[in-house]
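See structure below.
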Protein chains: 2
Amino acid sequence: MNIGNAAKLSGVTTKMIRHYESLELIRSRRLSNGYRDYEASDVARLRFIRHARSLAFPLEDVRKLLALWADHNRASADVRGIALAHVEALEAKAQAMQAMARSLRHLAAHCCGDSRPDCPILDELEKTL
Amino acid sequence: MNIGNAAKLSGVTTKMIRHYESLELIRSRRLSNGYRDYEASDVARLRFIRHARSLAFPLEDVRKLLALWADHNRASADVRGIALAHVEALEAKAQAMQAMARSLRHLAAHCCGDSRPDCPILDELEKTL
DNA sequence: CTTGACCTTCCCATAGTGGGAATCCCTACA
DNA sequence: TGTAGGGATTCCCACTATGGGAAGGTCAAG
């Protein structure tokens with residue numbers, strides 16, 4: 001199967017398949033004409049990567065998860081550890097963003113938002129702190 | 001005032017000051033020896049940038065906010081518009097991240113997390129969907 | 001044999017920040 | 001006056017992850 005087909009079946013673009021190959025997340029077998037050649041197991045691997053990425057796992061985590069996935073003697077605790085560490089990172093970021101959103105919403109609520117120049121949002125950004 | 005001093009007073013690193021200058025967010029006056037020269041108003045501008053960045057405004061928003069800040073005939077509605085658009089972007093991202101965190105926590109809760117290989121997290125990532 | 005769709009590699013861009021090298025400048029001290 | 005240091009300059013490279021696009025090779029159908 002060529003790369004275009006693998007892309008369609010896996011939902012990973014050809015660009016990204018080549019990129020993942022350069023990072024050695026996916027292997028590369030070539031035909032005599034230089035074209036990449038994939039089989040079902042590669043598509044499954046690409047799908048795994050796509051799913052992991054859709055949960056925002058960084059590629060280095062994906063690399064580890066792929067290794068554990070391939071290792072049938074893995075300890076599920078290792079997978080869980082990676083996942084929970086990632087969850088905490090996600091939640092920390094999400095909370096930070098929501099805190100920023102709250103601050104800004106609060107400031108915006110006190111901004112009359114008309115044609116006059118007075119604006120507590122700018123006042124806040126101007127502060128020396 | 002040289003760049004190191006402006007950095008200390010503003011809380012923006014010298015690296016970033018030069019970067020902001022290259023993006024024309026901050027002007028550059030030079031002394032005869034080529035050194036950048038700053039005054040209090042520049043430090044205030046850098047602080048403004050830092051505060052806006054601490055609220056995760058993208059630099060293009062910062063550029064607009066700086067322009068409005070400098071324009072004493074601005075309409076506060078313009079500032080508010082930028083801020084609220086940014087708030088919505090923040091909240092959308094935060095919610096997406098929390099949804100991912102929830103999914104993963106749910107999966108992790110069903111993963112025994114011991115030395116056995118069975119793992120619903122990997123099972124999920126493996127799915128064809 | 002041409003045409004179009006596919007493949008290849010390579011470079012560039014994004015957003016924002018940082019590291020580090022090579023070089024120059026200024027100041028203080030012996 | 002010479003030198004050592006700290007700070008300034010520019011320039012290139014790194015990160016994360018993804019995509020655009022060019023120049024060229026290949027395959028299949030008409």
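Convention: chains lettered A, B, ... in structure tokens order; per-chain residue numbering from 1; ligands numbered from 1 as shown.
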Write out, as a Markdown table, each residue of chain B that has an atom at most 8 Å from chain A, together with the closest pair of atoms and their distance in Å to one decimal, counting only C-alpha atoms, rows going by chain and rising number.
| residue | atom | partner | partner_atom | distance |
| --- | --- | --- | --- | --- |
| B:Ala44 | CA | A:Glu126 | CA | 7.1 |
| B:Arg45 | CA | A:Glu126 | CA | 7.9 |
| B:Arg47 | CA | A:Glu126 | CA | 7.1 |
| B:Phe48 | CA | A:Leu125 | CA | 5.2 |
| B:Ile49 | CA | A:Leu125 | CA | 7.8 |
| B:His51 | CA | A:Leu125 | CA | 5.4 |
| B:Ala52 | CA | A:Leu125 | CA | 6.2 |
| B:Leu55 | CA | A:Met100 | CA | 5.5 |
| B:Ala56 | CA | A:Met100 | CA | 7.7 |
| B:Leu65 | CA | A:Leu122 | CA | 7.8 |
| B:Trp69 | CA | A:Leu122 | CA | 6.5 |
| B:His72 | CA | A:Pro117 | CA | 6.4 |
| B:Asn73 | CA | A:Pro117 | CA | 5.9 |
| B:Arg74 | CA | A:Pro117 | CA | 4.9 |
| B:Ala75 | CA | A:Ser115 | CA | 4.1 |
| B:Ser76 | CA | A:Gly113 | CA | 4.8 |
| B:Ala77 | CA | A:Gly113 | CA | 3.7 |
| B:Asp78 | CA | A:Gly113 | CA | 7.3 |
| B:Val79 | CA | A:Ile121 | CA | 7.4 |
| B:Arg80 | CA | A:Ala108 | CA | 5.9 |
| B:Ala83 | CA | A:Leu104 | CA | 6.8 |
| B:Leu84 | CA | A:Arg105 | CA | 7.1 |
| B:Val87 | CA | A:Ala101 | CA | 5.0 |
| B:Glu88 | CA | A:Ala101 | CA | 7.8 |
| B:Leu90 | CA | A:Met97 | CA | 5.9 |
| B:Glu91 | CA | A:Gln98 | CA | 6.2 |
| B:Lys93 | CA | A:Ala94 | CA | 7.5 |
| B:Ala94 | CA | A:Ala94 | CA | 4.4 |
| B:Gln95 | CA | A:Ala94 | CA | 7.2 |
| B:Met97 | CA | A:Leu90 | CA | 5.9 |
| B:Gln98 | CA | A:Glu91 | CA | 6.2 |
| B:Met100 | CA | A:Leu55 | CA | 5.5 |
| B:Ala101 | CA | A:Val87 | CA | 5.0 |
| B:Leu104 | CA | A:Val87 | CA | 6.7 |
| B:Arg105 | CA | A:Val87 | CA | 7.0 |
| B:Ala108 | CA | A:Arg80 | CA | 5.9 |
| B:Cys111 | CA | A:Arg80 | CA | 6.9 |
| B:Cys112 | CA | A:Ser76 | CA | 7.0 |
| B:Gly113 | CA | A:Ala77 | CA | 3.7 |
| B:Asp114 | CA | A:Ala77 | CA | 4.8 |
| B:Ser115 | CA | A:Ala75 | CA | 4.1 |
| B:Arg116 | CA | A:Ala75 | CA | 5.0 |
| B:Pro117 | CA | A:Ala75 | CA | 4.9 |
| B:Asp118 | CA | A:Ser76 | CA | 6.1 |
| B:Cys119 | CA | A:Ser76 | CA | 5.4 |
| B:Ile121 | CA | A:Val79 | CA | 7.4 |
| B:Leu122 | CA | A:Trp69 | CA | 6.5 |
| B:Leu125 | CA | A:Phe48 | CA | 5.2 |
| B:Glu126 | CA | A:Phe48 | CA | 5.2 |
| B:Lys127 | CA | A:Phe48 | CA | 7.6 |
| B:Thr128 | CA | A:Arg47 | CA | 7.2 |
Can you pull out every residue within 12 Å of DA29 of chain D, counting only C-alpha atoms (C1' of nucleotides), but drop anything in the same chain fewer than 3 positions away, and send it as a VMD selection string? chain C and resid 1 to 5
At a cut-off of 9 Å, list the chain D residues touching chain B, using only C-alpha atoms (C1' of nucleotides), as a count of residues only. 3
Mind the document's chain letters and residue numbers, and return as a ChimeraX atom specification the residues of segment 3-127 of chain A that DSSP labels strand (DSSP E or B). /A:29-30,36-37
Output the selection as a CSV table (one decimal), in the first residue's frame - N, CA, C and O atoms for each residue.
chain,number,residue,atom,x,y,z
A,29,ARG,N,9.5,1.0,4.8
A,29,ARG,CA,10.0,0.0,3.9
A,29,ARG,C,9.8,0.7,2.5
A,29,ARG,O,8.8,1.4,2.3
A,30,ARG,N,10.7,0.5,1.6
A,30,ARG,CA,10.6,1.1,0.3
A,30,ARG,C,10.5,0.0,-0.8
A,30,ARG,O,11.1,-1.0,-0.7
A,36,ARG,N,7.3,4.6,-0.6
A,36,ARG,CA,7.1,3.9,0.7
A,36,ARG,C,6.0,2.8,0.6
A,36,ARG,O,5.1,3.0,-0.2
A,37,ASP,N,6.2,1.8,1.3
A,37,ASP,CA,5.2,0.7,1.2
A,37,ASP,C,4.7,0.3,2.6
A,37,ASP,O,5.5,0.1,3.5
Could you jot down the atom C1' of DC27 of chain D to atom C1' of DC12 of chain C separation for me, Å, one decimal place? 29.3 Å
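The shortest atom-to-atom distance to chain C, with only C-alpha atoms (C1' of nucleotides) taken into account, belongs to A:Leu31 out of A:Val12, A:Ala70, A:Leu25, A:Leu31.
The interatomic distance for the pair atom C1' of DG20 of chain D and atom C1' of DA13 of chain C works out to 8.1 Å.
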Determine which residues of chain C sit within 10 Å of chain B, taking into account only C-alpha atoms (C1' of nucleotides), and present them as a PyMOL selection string. chain C and resi 15-18+24-25
Suppose we keep N, CA and C atoms (P, O5', C5', C4', C3', O3' and C1' of nucleotides); can you now write the selection as a PDB file, in the first residue's frame?
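Heads up, here's the output in out.pdb:
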ATOM      1  P    DA C  15       2.425  33.359  13.570  1.00  0.00           P
ATOM      2  O5'  DA C  15       2.773  32.466  14.848  1.00  0.00           O
ATOM      3  C5'  DA C  15       1.743  31.861  15.609  1.00  0.00           C
ATOM      4  C4'  DA C  15       2.178  31.838  17.053  1.00  0.00           C
ATOM      5  C3'  DA C  15       2.819  33.150  17.504  1.00  0.00           C
ATOM      6  O3'  DA C  15       2.473  33.360  18.846  1.00  0.00           O
ATOM      7  C1'  DA C  15       4.411  31.390  17.611  1.00  0.00           C
ATOM      8  P    DG C  16       2.726  34.720  19.554  1.00  0.00           P
ATOM      9  O5'  DG C  16       3.980  34.347  20.446  1.00  0.00           O
ATOM     10  C5'  DG C  16       3.839  33.271  21.365  1.00  0.00           C
ATOM     11  C4'  DG C  16       5.196  32.902  21.893  1.00  0.00           C
ATOM     12  C3'  DG C  16       6.058  34.085  22.321  1.00  0.00           C
ATOM     13  O3'  DG C  16       6.051  34.047  23.733  1.00  0.00           O
ATOM     14  C1'  DG C  16       7.313  32.373  21.209  1.00  0.00           C
ATOM     15  P    DT C  17       6.889  35.045  24.629  1.00  0.00           P
ATOM     16  O5'  DT C  17       8.260  34.253  24.814  1.00  0.00           O
ATOM     17  C5'  DT C  17       8.217  32.977  25.420  1.00  0.00           C
ATOM     18  C4'  DT C  17       9.504  32.242  25.217  1.00  0.00           C
ATOM     19  C3'  DT C  17      10.758  32.977  25.682  1.00  0.00           C
ATOM     20  O3'  DT C  17      11.088  32.480  26.980  1.00  0.00           O
ATOM     21  C1'  DT C  17      11.112  31.663  23.712  1.00  0.00           C
ATOM     22  P    DG C  18      12.320  33.039  27.762  1.00  0.00           P
ATOM     23  O5'  DG C  18      13.525  32.146  27.228  1.00  0.00           O
ATOM     24  C5'  DG C  18      13.546  30.778  27.508  1.00  0.00           C
ATOM     25  C4'  DG C  18      14.676  30.162  26.728  1.00  0.00           C
ATOM     26  C3'  DG C  18      16.039  30.770  27.051  1.00  0.00           C
ATOM     27  O3'  DG C  18      16.834  29.796  27.701  1.00  0.00           O
ATOM     28  C1'  DG C  18      15.740  30.410  24.711  1.00  0.00           C
ATOM     29  P    DC C  24      35.532  42.615  16.279  1.00  0.00           P
ATOM     30  O5'  DC C  24      34.793  43.768  17.106  1.00  0.00           O
ATOM     31  C5'  DC C  24      33.486  44.167  16.709  1.00  0.00           C
ATOM     32  C4'  DC C  24      32.822  44.921  17.850  1.00  0.00           C
ATOM     33  C3'  DC C  24      33.697  46.007  18.465  1.00  0.00           C
ATOM     34  O3'  DC C  24      32.933  47.190  18.563  1.00  0.00           O
ATOM     35  C1'  DC C  24      32.836  44.604  20.149  1.00  0.00           C
ATOM     36  P    DC C  25      33.661  48.585  18.846  1.00  0.00           P
ATOM     37  O5'  DC C  25      33.134  49.006  20.283  1.00  0.00           O
ATOM     38  C5'  DC C  25      31.745  48.971  20.552  1.00  0.00           C
ATOM     39  C4'  DC C  25      31.531  49.133  22.058  1.00  0.00           C
ATOM     40  C3'  DC C  25      32.435  50.182  22.695  1.00  0.00           C
ATOM     41  O3'  DC C  25      31.595  51.114  23.347  1.00  0.00           O
ATOM     42  C1'  DC C  25      32.472  48.151  23.930  1.00  0.00           C
TER      43       DC C  25
END
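Between atom CA of Ile82 of chain B and atom C1' of DT14 of chain C there is a distance of 21.3 Å.
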Report as number ranges by chain: the residues of segment 50-108 of chain A with a DSSP assignment of helix (DSSP H, G or I), based on the backbone of this structure. A: 50-54, 59-70, 76-108
